[in-house]
Structure formats: structure tokens, C-alpha cells
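As stored in model37.cif (mmCIF, N, CA and C atoms):
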data_run
#
loop_
_atom_site.label_atom_id
_atom_site.label_comp_id
_atom_site.auth_asym_id
_atom_site.auth_seq_id
_atom_site.Cartn_x
_atom_site.Cartn_y
_atom_site.Cartn_z
N MET A 28 123.73 96.00 85.37
CA MET A 28 122.36 96.34 85.66
C MET A 28 122.31 97.09 86.99
N SER A 29 121.54 98.17 87.03
CA SER A 29 121.39 98.95 88.25
C SER A 29 120.59 98.16 89.26
N THR A 30 120.86 98.41 90.51
CA THR A 30 120.15 97.69 91.56
C THR A 30 119.38 98.66 92.44
N PHE A 31 118.56 98.10 93.29
CA PHE A 31 117.82 98.88 94.26
C PHE A 31 117.87 98.14 95.58
N GLU A 32 117.54 98.86 96.64
CA GLU A 32 117.51 98.27 97.97
C GLU A 32 116.14 98.52 98.56
N LEU A 33 115.51 97.50 99.09
CA LEU A 33 114.19 97.62 99.69
C LEU A 33 114.29 97.27 101.17
N LYS A 34 113.88 98.21 102.02
CA LYS A 34 113.93 98.02 103.47
C LYS A 34 112.63 98.51 104.08
N THR A 35 112.40 98.14 105.33
CA THR A 35 111.26 98.67 106.07
C THR A 35 111.57 100.11 106.46
N HIS A 36 110.63 101.00 106.17
CA HIS A 36 110.82 102.42 106.51
C HIS A 36 110.66 102.64 108.01
N GLN A 37 111.57 103.43 108.57
CA GLN A 37 111.49 103.80 109.97
C GLN A 37 111.05 105.25 110.05
N ILE A 38 109.95 105.51 110.77
CA ILE A 38 109.39 106.85 110.85
C ILE A 38 110.44 107.83 111.36
N GLY A 39 110.56 108.95 110.67
CA GLY A 39 111.51 109.98 111.05
C GLY A 39 112.84 109.89 110.33
N ARG A 40 113.10 108.79 109.68
CA ARG A 40 114.37 108.60 108.98
C ARG A 40 114.33 109.30 107.63
N THR A 41 115.45 109.91 107.26
CA THR A 41 115.56 110.57 105.96
C THR A 41 116.57 109.81 105.10
N TYR A 42 116.43 109.96 103.81
CA TYR A 42 117.26 109.22 102.86
C TYR A 42 117.92 110.20 101.89
N SER A 43 119.20 109.98 101.62
CA SER A 43 119.93 110.88 100.72
C SER A 43 119.87 110.41 99.27
N ASN A 44 119.81 109.12 99.05
CA ASN A 44 119.74 108.59 97.69
C ASN A 44 118.32 108.75 97.14
N PRO A 45 118.16 108.68 95.81
CA PRO A 45 116.81 108.71 95.25
C PRO A 45 115.99 107.57 95.84
N HIS A 46 114.76 107.86 96.23
CA HIS A 46 113.95 106.85 96.91
C HIS A 46 112.47 107.11 96.70
N PHE A 47 111.67 106.09 96.97
CA PHE A 47 110.22 106.19 97.06
C PHE A 47 109.75 105.12 98.03
N PHE A 48 108.47 105.12 98.33
CA PHE A 48 107.94 104.24 99.34
C PHE A 48 106.88 103.32 98.73
N ILE A 49 106.72 102.14 99.32
CA ILE A 49 105.71 101.19 98.87
C ILE A 49 104.87 100.79 100.07
N LEU A 50 103.56 100.99 99.98
CA LEU A 50 102.63 100.63 101.04
C LEU A 50 102.66 99.11 101.23
N ASN A 51 102.70 98.67 102.49
CA ASN A 51 102.80 97.22 102.71
C ASN A 51 101.63 96.61 103.49
N LYS A 52 100.65 97.42 103.89
CA LYS A 52 99.50 96.88 104.61
C LYS A 52 98.21 97.37 103.97
N GLY A 53 97.21 96.51 104.01
CA GLY A 53 95.91 96.86 103.46
C GLY A 53 95.75 96.33 102.04
N LEU A 54 94.57 96.58 101.49
CA LEU A 54 94.28 96.08 100.16
C LEU A 54 95.04 96.83 99.07
N ASN A 55 95.62 97.98 99.41
CA ASN A 55 96.44 98.73 98.45
C ASN A 55 97.92 98.41 98.60
N SER A 56 98.25 97.31 99.23
CA SER A 56 99.65 96.91 99.39
C SER A 56 100.33 96.86 98.03
N GLY A 57 101.52 97.42 97.97
CA GLY A 57 102.27 97.47 96.73
C GLY A 57 102.17 98.82 96.04
N LYS A 58 101.27 99.68 96.53
CA LYS A 58 101.09 100.99 95.92
C LYS A 58 102.30 101.87 96.21
N PRO A 59 102.92 102.43 95.17
CA PRO A 59 104.07 103.30 95.40
C PRO A 59 103.62 104.67 95.90
N LEU A 60 104.40 105.24 96.79
CA LEU A 60 104.09 106.54 97.39
C LEU A 60 105.32 107.44 97.32
N LEU A 61 105.10 108.73 97.17
CA LEU A 61 106.21 109.67 97.19
C LEU A 61 106.54 110.11 98.61
N LYS A 62 105.53 110.07 99.49
CA LYS A 62 105.74 110.45 100.88
C LYS A 62 105.55 109.22 101.76
N PRO A 63 106.31 109.11 102.84
CA PRO A 63 106.23 107.92 103.69
C PRO A 63 104.96 107.88 104.52
N CYS A 64 104.61 106.68 104.94
CA CYS A 64 103.53 106.49 105.90
C CYS A 64 104.01 105.45 106.90
N ALA A 65 103.19 105.16 107.90
CA ALA A 65 103.61 104.25 108.98
C ALA A 65 103.87 102.83 108.48
N ASN A 66 103.13 102.37 107.52
CA ASN A 66 103.23 100.99 107.06
C ASN A 66 103.77 100.93 105.64
N CYS A 67 105.05 101.18 105.49
CA CYS A 67 105.59 101.15 104.13
C CYS A 67 107.05 100.69 104.13
N PHE A 68 107.45 100.29 102.94
CA PHE A 68 108.85 99.96 102.68
C PHE A 68 109.46 101.17 101.97
N VAL A 69 110.77 101.28 102.03
CA VAL A 69 111.46 102.31 101.26
C VAL A 69 112.34 101.62 100.22
N VAL A 70 112.28 102.15 99.01
CA VAL A 70 113.10 101.65 97.91
C VAL A 70 114.12 102.73 97.61
N THR A 71 115.40 102.43 97.83
CA THR A 71 116.46 103.39 97.50
C THR A 71 117.17 102.89 96.25
N THR A 72 117.51 103.83 95.39
CA THR A 72 118.15 103.49 94.13
C THR A 72 119.41 104.32 93.94
N THR A 73 120.11 104.02 92.87
CA THR A 73 121.35 104.74 92.59
C THR A 73 121.12 106.01 91.79
N THR A 74 120.09 106.02 90.94
CA THR A 74 119.83 107.19 90.10
C THR A 74 118.34 107.53 90.08
N GLU A 75 118.03 108.76 89.69
CA GLU A 75 116.64 109.19 89.55
C GLU A 75 115.92 108.40 88.46
N GLU A 76 116.64 108.06 87.41
CA GLU A 76 116.05 107.31 86.30
C GLU A 76 115.57 105.93 86.76
N VAL A 77 116.40 105.25 87.54
CA VAL A 77 116.02 103.94 88.07
C VAL A 77 114.85 104.09 89.03
N LYS A 78 114.87 105.13 89.85
CA LYS A 78 113.76 105.39 90.78
C LYS A 78 112.46 105.57 90.01
N HIS A 79 112.49 106.39 88.98
CA HIS A 79 111.31 106.66 88.16
C HIS A 79 110.78 105.36 87.54
N THR A 80 111.68 104.56 87.01
CA THR A 80 111.29 103.30 86.38
C THR A 80 110.68 102.35 87.40
N LEU A 81 111.33 102.19 88.54
CA LEU A 81 110.82 101.27 89.58
C LEU A 81 109.50 101.77 90.17
N PHE A 82 109.36 103.08 90.33
CA PHE A 82 108.13 103.65 90.86
C PHE A 82 106.96 103.27 89.94
N HIS A 83 107.14 103.51 88.65
CA HIS A 83 106.06 103.22 87.70
C HIS A 83 105.85 101.71 87.52
N LEU A 84 106.91 100.95 87.61
CA LEU A 84 106.79 99.49 87.54
C LEU A 84 105.97 98.99 88.73
N SER A 85 106.25 99.51 89.91
CA SER A 85 105.50 99.13 91.11
C SER A 85 104.03 99.53 90.97
N MET A 86 103.79 100.70 90.41
CA MET A 86 102.42 101.15 90.20
C MET A 86 101.69 100.19 89.24
N MET A 87 102.36 99.79 88.17
CA MET A 87 101.74 98.88 87.21
C MET A 87 101.46 97.51 87.85
N LEU A 88 102.39 97.04 88.68
CA LEU A 88 102.20 95.76 89.36
C LEU A 88 101.02 95.83 90.34
N GLN A 89 100.88 96.95 91.04
CA GLN A 89 99.80 97.10 92.00
C GLN A 89 98.46 97.22 91.28
N ILE A 90 98.39 98.03 90.26
CA ILE A 90 97.15 98.20 89.51
C ILE A 90 96.75 96.88 88.84
N GLY A 91 97.73 96.16 88.33
CA GLY A 91 97.46 94.88 87.68
C GLY A 91 97.12 93.75 88.63
N GLY A 92 97.24 93.98 89.93
CA GLY A 92 96.88 92.98 90.92
C GLY A 92 97.94 91.92 91.16
N PHE A 93 99.18 92.19 90.75
CA PHE A 93 100.24 91.19 90.92
C PHE A 93 100.72 91.08 92.36
N TYR A 94 100.60 92.15 93.13
CA TYR A 94 100.96 92.08 94.55
C TYR A 94 99.87 91.35 95.34
N ALA A 95 98.63 91.43 94.89
CA ALA A 95 97.49 90.87 95.64
C ALA A 95 97.64 89.37 95.89
N TYR A 96 98.26 88.66 94.97
CA TYR A 96 98.46 87.22 95.12
C TYR A 96 99.27 86.89 96.38
N TYR A 97 100.16 87.79 96.77
CA TYR A 97 101.08 87.55 97.88
C TYR A 97 100.59 88.11 99.21
N LEU A 98 99.38 88.66 99.26
CA LEU A 98 98.86 89.21 100.51
C LEU A 98 98.62 88.11 101.52
N LYS A 99 98.99 88.40 102.75
CA LYS A 99 98.82 87.46 103.86
C LYS A 99 98.00 88.16 104.94
N GLY A 100 97.42 87.38 105.84
CA GLY A 100 96.67 87.96 106.96
C GLY A 100 95.19 87.97 106.68
N SER A 101 94.41 87.71 107.72
CA SER A 101 92.96 87.62 107.54
C SER A 101 92.24 88.92 107.88
N VAL A 102 92.73 89.67 108.84
CA VAL A 102 92.05 90.91 109.23
C VAL A 102 92.61 92.09 108.44
N ILE A 103 93.90 92.30 108.53
CA ILE A 103 94.55 93.35 107.76
C ILE A 103 95.57 92.67 106.86
N PRO A 104 95.27 92.59 105.57
CA PRO A 104 96.21 91.93 104.67
C PRO A 104 97.50 92.74 104.54
N PHE A 105 98.60 92.04 104.34
CA PHE A 105 99.90 92.70 104.18
C PHE A 105 100.75 91.89 103.23
N ILE A 106 101.79 92.52 102.70
CA ILE A 106 102.74 91.83 101.84
C ILE A 106 104.08 91.82 102.58
N SER A 107 104.76 90.69 102.54
CA SER A 107 106.06 90.60 103.22
C SER A 107 107.12 91.32 102.40
N ILE A 108 108.17 91.72 103.07
CA ILE A 108 109.24 92.45 102.40
C ILE A 108 109.93 91.56 101.36
N ASP A 109 110.08 90.28 101.65
CA ASP A 109 110.72 89.37 100.70
C ASP A 109 109.88 89.19 99.44
N ASP A 110 108.56 89.04 99.60
CA ASP A 110 107.69 88.90 98.44
C ASP A 110 107.72 90.18 97.60
N CYS A 111 107.65 91.32 98.26
CA CYS A 111 107.67 92.59 97.54
C CYS A 111 108.99 92.75 96.78
N ARG A 112 110.10 92.46 97.44
CA ARG A 112 111.42 92.58 96.82
C ARG A 112 111.53 91.64 95.61
N ASN A 113 111.08 90.40 95.77
CA ASN A 113 111.19 89.42 94.68
C ASN A 113 110.33 89.80 93.48
N ILE A 114 109.10 90.25 93.72
CA ILE A 114 108.23 90.66 92.62
C ILE A 114 108.86 91.81 91.86
N LEU A 115 109.31 92.82 92.60
CA LEU A 115 109.90 94.00 91.97
C LEU A 115 111.18 93.65 91.23
N LYS A 116 112.03 92.84 91.86
CA LYS A 116 113.29 92.44 91.23
C LYS A 116 113.06 91.63 89.97
N ASN A 117 112.18 90.63 90.05
CA ASN A 117 111.91 89.78 88.89
C ASN A 117 111.28 90.56 87.74
N SER A 118 110.36 91.44 88.06
CA SER A 118 109.72 92.25 87.02
C SER A 118 110.72 93.19 86.37
N TYR A 119 111.52 93.84 87.21
CA TYR A 119 112.52 94.77 86.70
C TYR A 119 113.55 94.04 85.84
N SER A 120 114.00 92.89 86.30
CA SER A 120 115.00 92.11 85.55
C SER A 120 114.46 91.67 84.20
N SER A 121 113.22 91.19 84.18
CA SER A 121 112.67 90.70 82.92
C SER A 121 112.40 91.81 81.93
N LEU A 122 112.12 93.01 82.42
CA LEU A 122 111.82 94.12 81.52
C LEU A 122 113.03 95.01 81.25
N PHE A 123 114.07 94.90 82.05
CA PHE A 123 115.23 95.79 81.94
C PHE A 123 115.93 95.67 80.60
N TYR A 124 116.02 94.48 80.08
CA TYR A 124 116.80 94.26 78.86
C TYR A 124 116.13 94.84 77.62
N ASP A 125 114.86 95.12 77.69
CA ASP A 125 114.18 95.80 76.60
C ASP A 125 113.74 97.17 77.13
N ALA A 126 114.72 98.01 77.39
CA ALA A 126 114.47 99.30 78.04
C ALA A 126 113.56 100.20 77.22
N ILE A 127 113.64 100.12 75.91
CA ILE A 127 112.80 100.96 75.06
C ILE A 127 111.33 100.59 75.24
N GLN A 128 111.04 99.29 75.25
CA GLN A 128 109.66 98.83 75.45
C GLN A 128 109.17 99.19 76.85
N LEU A 129 110.02 99.02 77.84
CA LEU A 129 109.65 99.35 79.21
C LEU A 129 109.29 100.83 79.32
N GLN A 130 110.12 101.68 78.73
CA GLN A 130 109.86 103.12 78.76
C GLN A 130 108.56 103.46 78.03
N LYS A 131 108.30 102.77 76.96
CA LYS A 131 107.06 102.97 76.19
C LYS A 131 105.85 102.64 77.06
N HIS A 132 105.92 101.51 77.78
CA HIS A 132 104.82 101.11 78.65
C HIS A 132 104.63 102.11 79.79
N ILE A 133 105.73 102.57 80.36
CA ILE A 133 105.66 103.55 81.45
C ILE A 133 105.02 104.84 80.95
N ASN A 134 105.39 105.29 79.76
CA ASN A 134 104.82 106.52 79.20
C ASN A 134 103.32 106.37 78.96
N ILE A 135 102.90 105.21 78.48
CA ILE A 135 101.47 104.98 78.24
C ILE A 135 100.69 105.00 79.55
N VAL A 136 101.19 104.29 80.56
CA VAL A 136 100.51 104.25 81.86
C VAL A 136 100.50 105.64 82.50
N SER A 137 101.59 106.38 82.37
CA SER A 137 101.64 107.74 82.92
C SER A 137 100.62 108.64 82.24
N ALA A 138 100.48 108.52 80.93
CA ALA A 138 99.50 109.32 80.19
C ALA A 138 98.08 108.97 80.63
N ILE A 139 97.82 107.69 80.84
CA ILE A 139 96.49 107.27 81.29
C ILE A 139 96.21 107.82 82.69
N ASN A 140 97.20 107.76 83.58
CA ASN A 140 97.04 108.31 84.94
C ASN A 140 96.77 109.80 84.91
N LYS A 141 97.49 110.51 84.05
CA LYS A 141 97.31 111.96 83.93
C LYS A 141 95.89 112.27 83.47
N LYS A 142 95.42 111.55 82.48
CA LYS A 142 94.07 111.76 81.96
C LYS A 142 93.03 111.42 83.03
N GLU A 143 93.28 110.34 83.79
CA GLU A 143 92.37 109.95 84.86
C GLU A 143 92.25 111.05 85.91
N LYS A 144 93.37 111.68 86.28
CA LYS A 144 93.34 112.78 87.26
C LYS A 144 92.56 113.96 86.71
N GLU A 145 92.75 114.26 85.42
CA GLU A 145 92.00 115.36 84.80
C GLU A 145 90.51 115.08 84.85
N LEU A 146 90.12 113.86 84.54
CA LEU A 146 88.70 113.50 84.56
C LEU A 146 88.12 113.55 85.97
N HIS A 147 88.91 113.14 86.97
CA HIS A 147 88.45 113.24 88.36
C HIS A 147 88.22 114.70 88.75
N LYS A 148 89.08 115.60 88.29
CA LYS A 148 88.88 117.03 88.56
C LYS A 148 87.59 117.53 87.92
N ILE A 149 87.36 117.11 86.69
CA ILE A 149 86.14 117.53 85.98
C ILE A 149 84.90 117.00 86.70
N ILE A 150 84.93 115.74 87.12
CA ILE A 150 83.79 115.15 87.84
C ILE A 150 83.55 115.89 89.15
N SER A 151 84.62 116.23 89.84
CA SER A 151 84.50 116.98 91.09
C SER A 151 83.87 118.35 90.84
N LYS A 152 84.30 119.02 89.80
CA LYS A 152 83.73 120.34 89.47
C LYS A 152 82.27 120.22 89.07
N MET A 153 81.92 119.14 88.36
CA MET A 153 80.52 118.91 87.98
C MET A 153 79.66 118.69 89.23
N ALA A 154 80.17 117.96 90.19
CA ALA A 154 79.44 117.73 91.45
C ALA A 154 79.25 119.05 92.19
N ASP A 155 80.29 119.88 92.23
CA ASP A 155 80.18 121.20 92.87
C ASP A 155 79.15 122.07 92.15
N LEU A 156 79.16 122.02 90.83
CA LEU A 156 78.20 122.79 90.03
C LEU A 156 76.78 122.34 90.32
N LYS A 157 76.57 121.03 90.43
CA LYS A 157 75.24 120.50 90.73
C LYS A 157 74.75 120.99 92.09
N VAL A 158 75.62 120.94 93.09
CA VAL A 158 75.25 121.40 94.43
C VAL A 158 74.92 122.90 94.40
N SER A 159 75.74 123.68 93.72
CA SER A 159 75.49 125.12 93.62
C SER A 159 74.16 125.41 92.95
N TYR A 160 73.89 124.70 91.88
CA TYR A 160 72.63 124.90 91.16
C TYR A 160 71.44 124.58 92.05
N ILE A 161 71.50 123.45 92.76
CA ILE A 161 70.39 123.06 93.63
C ILE A 161 70.23 124.06 94.77
N GLN A 162 71.33 124.51 95.34
CA GLN A 162 71.26 125.48 96.43
C GLN A 162 70.65 126.79 95.95
N SER A 163 71.05 127.25 94.77
CA SER A 163 70.50 128.51 94.25
C SER A 163 69.01 128.35 93.92
N LEU A 164 68.62 127.19 93.43
CA LEU A 164 67.22 126.92 93.11
C LEU A 164 66.35 127.02 94.36
N PHE A 165 66.78 126.34 95.43
CA PHE A 165 65.99 126.38 96.67
C PHE A 165 66.08 127.73 97.35
N SER A 166 67.18 128.41 97.17
CA SER A 166 67.32 129.76 97.73
C SER A 166 66.30 130.69 97.09
N LYS A 167 66.13 130.60 95.77
CA LYS A 167 65.13 131.42 95.06
C LYS A 167 63.73 131.06 95.52
N MET A 168 63.45 129.76 95.69
CA MET A 168 62.14 129.32 96.12
C MET A 168 61.81 129.84 97.51
N GLN A 169 62.80 129.88 98.40
CA GLN A 169 62.58 130.39 99.76
C GLN A 169 62.32 131.88 99.75
N LYS A 170 63.02 132.63 98.90
CA LYS A 170 62.82 134.10 98.82
C LYS A 170 61.43 134.40 98.27
N GLU A 171 60.99 133.60 97.30
CA GLU A 171 59.65 133.85 96.73
C GLU A 171 58.56 133.52 97.73
N ALA A 172 58.82 132.57 98.60
CA ALA A 172 57.81 132.18 99.59
C ALA A 172 57.65 133.25 100.67
N ILE A 173 58.67 134.06 100.87
CA ILE A 173 58.61 135.10 101.93
C ILE A 173 57.92 136.29 101.45
#

What's the C-alpha cells form of this structure?
Amino acid sequence: MSTFELKTHQIGRTYSNPHFFILNKGLNSGKPLLKPCANCFVVTTTTEEVKHTLFHLSMMLQIGGFYAYYLKGSVIPFISIDDCRNILKNSYSSLFYDAIQLQKHINIVSAINKKEKELHKIISKMADLKVSYIQSLFSKMQKEAI
């Protein structure tokens, strides 16, 4: 079974192996990131395939609220590196042996995310259209008043 390594990310450090980042502070703790931030862990893997699988697995765990149970802290919640590592390891281990099912679930969640992004773009364009329409309406009213 392929393994991964989870460490605290140090700002400015670069990684040669396939990697991604996991946010460790705030209510979005556990959210996987492609680019580093100040408060994140780095997950390094042996192959791109394992990275892709772990990235999407982490996303599913975060969306499903499985990291939220382990949040600590009263002002700024955070997840410890050990809790994050154990959740990711246990989830990956339990799903690894049925790789076809895991890939199926990843594909479904990826398709849903893609559709969600498309819908957000459409909503944003609709909001822009509404603003443009209102601005043109009042612009015409001001010209007629002059």
C-alpha cells in the first residue's frame, strides 16, 4: 500500500515529490489546497495518483464534516497534525482495498464540484446582468429628466 507523509508546512519551502496542502486553522480546517498558506499542513506522496486520491479524499472528509469533530480551541478552532494524519490514514486505508469504488466516489464528487463551479459562474453573470440592467434603466431616466 502506498503511503503519504503529513508535516507542518514551512513558508518558503518547496517540495519535489507530488504534494498538496491541508488548511489546519479555522472552520475550514481539513480543506485541501493546491497552493500553500500560513496555516497548513503539507501532504507529500510517492505518485500523482496517490496525491489525487488523497486530495479528493480530504475534500470529501472536510465537506462531510469529519474533520470538524476534532477541532480544538475556543477562539480560532484548529485541527492537530496527529488528528489530521489519523483521519486521513484511516479513511485511506479503509477505502484503499476497494480502489474501484473509491475512484467511482471521487469521480462523482469531482463532477458535482465542477457543476457547482459552473453554476457559481452563471449566478455571478446573472448578478452582473442585473446591475447592468438597473444602471442602464436609471441612466435613461436621468437623460430624460435633463

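For the choices A:Ile108, A:Leu164, A:Ile139, A:Cys64, the atom-to-atom distance to Gln37 (chain A) is smallest for A:Cys64 when using only N, CA and C atoms.
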
**Asked** Tell me, which residues of region 65-141 of chain A carry DSSP strand (DSSP E), written as a list in words?
**Response**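 So the strand (DSSP E) residues in region 65-141 of chain A would be Cys67, Phe68, Val69, Val70, Thr71 and Thr72 of chain A.
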
Let me see the file: selected residues, N, CA and C atoms, as an mmCIF file, in the frame of the given file.
data_model
loop_
_atom_site.group_PDB
_atom_site.id
_atom_site.type_symbol
_atom_site.label_atom_id
_atom_site.label_comp_id
_atom_site.auth_asym_id
_atom_site.auth_seq_id
_atom_site.Cartn_x
_atom_site.Cartn_y
_atom_site.Cartn_z
ATOM 1 N N CYS A 67 105.050 101.180 105.490
ATOM 2 C CA CYS A 67 105.590 101.150 104.130
ATOM 3 C C CYS A 67 107.050 100.690 104.130
ATOM 4 N N PHE A 68 107.450 100.290 102.940
ATOM 5 C CA PHE A 68 108.850 99.960 102.680
ATOM 6 C C PHE A 68 109.460 101.170 101.970
ATOM 7 N N VAL A 69 110.770 101.280 102.030
ATOM 8 C CA VAL A 69 111.460 102.310 101.260
ATOM 9 C C VAL A 69 112.340 101.620 100.220
ATOM 10 N N VAL A 70 112.280 102.150 99.010
ATOM 11 C CA VAL A 70 113.100 101.650 97.910
ATOM 12 C C VAL A 70 114.120 102.730 97.610
ATOM 13 N N THR A 71 115.400 102.430 97.830
ATOM 14 C CA THR A 71 116.460 103.390 97.500
ATOM 15 C C THR A 71 117.170 102.890 96.250
ATOM 16 N N THR A 72 117.510 103.830 95.390
ATOM 17 C CA THR A 72 118.150 103.490 94.130
ATOM 18 C C THR A 72 119.410 104.320 93.940
#

**Prompt:** Do you know which residues the PyMOL selection byres ((chain A and resi 35) around 7) returns on this file, as an MDAnalysis selection string?
**Reply:** chainID A and resid 33:34 36:37 67:69

**Request:** In Å, rounded to a single decimal, give me how far CA of Leu60 (chain A) is from CA of Gly39 (chain A).
**Result:** 15.9 Å

**Message:** Quick check on the file I pasted: which residues fall under the PyMOL selection byres (((chain A and resi 82 and name CA) around 12) and name CA)? Write them as a ChimeraX atom specification.
**Reply:** /A:31,45-50,57-61,69-72,75-81,83-89,115,119,133,136-137

Filtering to N, CA and C atoms, could you give me those residues as a short mmCIF file (atom, residue, chain, number, x, y, z; two decimals), in the coordinates of the input?
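To be explicit, this is the file written out as result07.cif:
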data_model
loop_
_atom_site.label_atom_id
_atom_site.label_comp_id
_atom_site.auth_asym_id
_atom_site.auth_seq_id
_atom_site.Cartn_x
_atom_site.Cartn_y
_atom_site.Cartn_z
N PHE A 31 118.56 98.10 93.29
CA PHE A 31 117.82 98.88 94.26
C PHE A 31 117.87 98.14 95.58
N PRO A 45 118.16 108.68 95.81
CA PRO A 45 116.81 108.71 95.25
C PRO A 45 115.99 107.57 95.84
N HIS A 46 114.76 107.86 96.23
CA HIS A 46 113.95 106.85 96.91
C HIS A 46 112.47 107.11 96.70
N PHE A 47 111.67 106.09 96.97
CA PHE A 47 110.22 106.19 97.06
C PHE A 47 109.75 105.12 98.03
N PHE A 48 108.47 105.12 98.33
CA PHE A 48 107.94 104.24 99.34
C PHE A 48 106.88 103.32 98.73
N ILE A 49 106.72 102.14 99.32
CA ILE A 49 105.71 101.19 98.87
C ILE A 49 104.87 100.79 100.07
N LEU A 50 103.56 100.99 99.98
CA LEU A 50 102.63 100.63 101.04
C LEU A 50 102.66 99.11 101.23
N GLY A 57 101.52 97.42 97.97
CA GLY A 57 102.27 97.47 96.73
C GLY A 57 102.17 98.82 96.04
N LYS A 58 101.27 99.68 96.53
CA LYS A 58 101.09 100.99 95.92
C LYS A 58 102.30 101.87 96.21
N PRO A 59 102.92 102.43 95.17
CA PRO A 59 104.07 103.30 95.40
C PRO A 59 103.62 104.67 95.90
N LEU A 60 104.40 105.24 96.79
CA LEU A 60 104.09 106.54 97.39
C LEU A 60 105.32 107.44 97.32
N LEU A 61 105.10 108.73 97.17
CA LEU A 61 106.21 109.67 97.19
C LEU A 61 106.54 110.11 98.61
N VAL A 69 110.77 101.28 102.03
CA VAL A 69 111.46 102.31 101.26
C VAL A 69 112.34 101.62 100.22
N VAL A 70 112.28 102.15 99.01
CA VAL A 70 113.10 101.65 97.91
C VAL A 70 114.12 102.73 97.61
N THR A 71 115.40 102.43 97.83
CA THR A 71 116.46 103.39 97.50
C THR A 71 117.17 102.89 96.25
N THR A 72 117.51 103.83 95.39
CA THR A 72 118.15 103.49 94.13
C THR A 72 119.41 104.32 93.94
N GLU A 75 118.03 108.76 89.69
CA GLU A 75 116.64 109.19 89.55
C GLU A 75 115.92 108.40 88.46
N GLU A 76 116.64 108.06 87.41
CA GLU A 76 116.05 107.31 86.30
C GLU A 76 115.57 105.93 86.76
N VAL A 77 116.40 105.25 87.54
CA VAL A 77 116.02 103.94 88.07
C VAL A 77 114.85 104.09 89.03
N LYS A 78 114.87 105.13 89.85
CA LYS A 78 113.76 105.39 90.78
C LYS A 78 112.46 105.57 90.01
N HIS A 79 112.49 106.39 88.98
CA HIS A 79 111.31 106.66 88.16
C HIS A 79 110.78 105.36 87.54
N THR A 80 111.68 104.56 87.01
CA THR A 80 111.29 103.30 86.38
C THR A 80 110.68 102.35 87.40
N LEU A 81 111.33 102.19 88.54
CA LEU A 81 110.82 101.27 89.58
C LEU A 81 109.50 101.77 90.17
N HIS A 83 107.14 103.51 88.65
CA HIS A 83 106.06 103.22 87.70
C HIS A 83 105.85 101.71 87.52
N LEU A 84 106.91 100.95 87.61
CA LEU A 84 106.79 99.49 87.54
C LEU A 84 105.97 98.99 88.73
N SER A 85 106.25 99.51 89.91
CA SER A 85 105.50 99.13 91.11
C SER A 85 104.03 99.53 90.97
N MET A 86 103.79 100.70 90.41
CA MET A 86 102.42 101.15 90.20
C MET A 86 101.69 100.19 89.24
N MET A 87 102.36 99.79 88.17
CA MET A 87 101.74 98.88 87.21
C MET A 87 101.46 97.51 87.85
N LEU A 88 102.39 97.04 88.68
CA LEU A 88 102.20 95.76 89.36
C LEU A 88 101.02 95.83 90.34
N GLN A 89 100.88 96.95 91.04
CA GLN A 89 99.80 97.10 92.00
C GLN A 89 98.46 97.22 91.28
N LEU A 115 109.31 92.82 92.60
CA LEU A 115 109.90 94.00 91.97
C LEU A 115 111.18 93.65 91.23
N TYR A 119 111.52 93.84 87.21
CA TYR A 119 112.52 94.77 86.70
C TYR A 119 113.55 94.04 85.84
N ILE A 133 105.73 102.57 80.36
CA ILE A 133 105.66 103.55 81.45
C ILE A 133 105.02 104.84 80.95
N VAL A 136 101.19 104.29 80.56
CA VAL A 136 100.51 104.25 81.86
C VAL A 136 100.50 105.64 82.50
N SER A 137 101.59 106.38 82.37
CA SER A 137 101.64 107.74 82.92
C SER A 137 100.62 108.64 82.24
#

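Of note, atom N of Ser118 (chain A) and atom C of Ile106 (chain A) are spaced 15.8 Å apart.
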
**Prompt:** atom C of Asn113 (chain A) and atom N of Leu54 (chain A), how far apart in Å?
**Reply:** 18.9 Å

**Prompt:** Residues of chain A in helix (DSSP H, G or I) according to DSSP, as a PyMOL selection string?
**Reply:** chain A and resi 75-90+95-97+108-123+126-172

**Prompt:** For this file, the PyMOL selection byres ((chain A and resi 103) around 8) selects which residues, as a VMD selection string?
**Reply:** chain A and resid 51 to 54 98 to 102 104 to 106
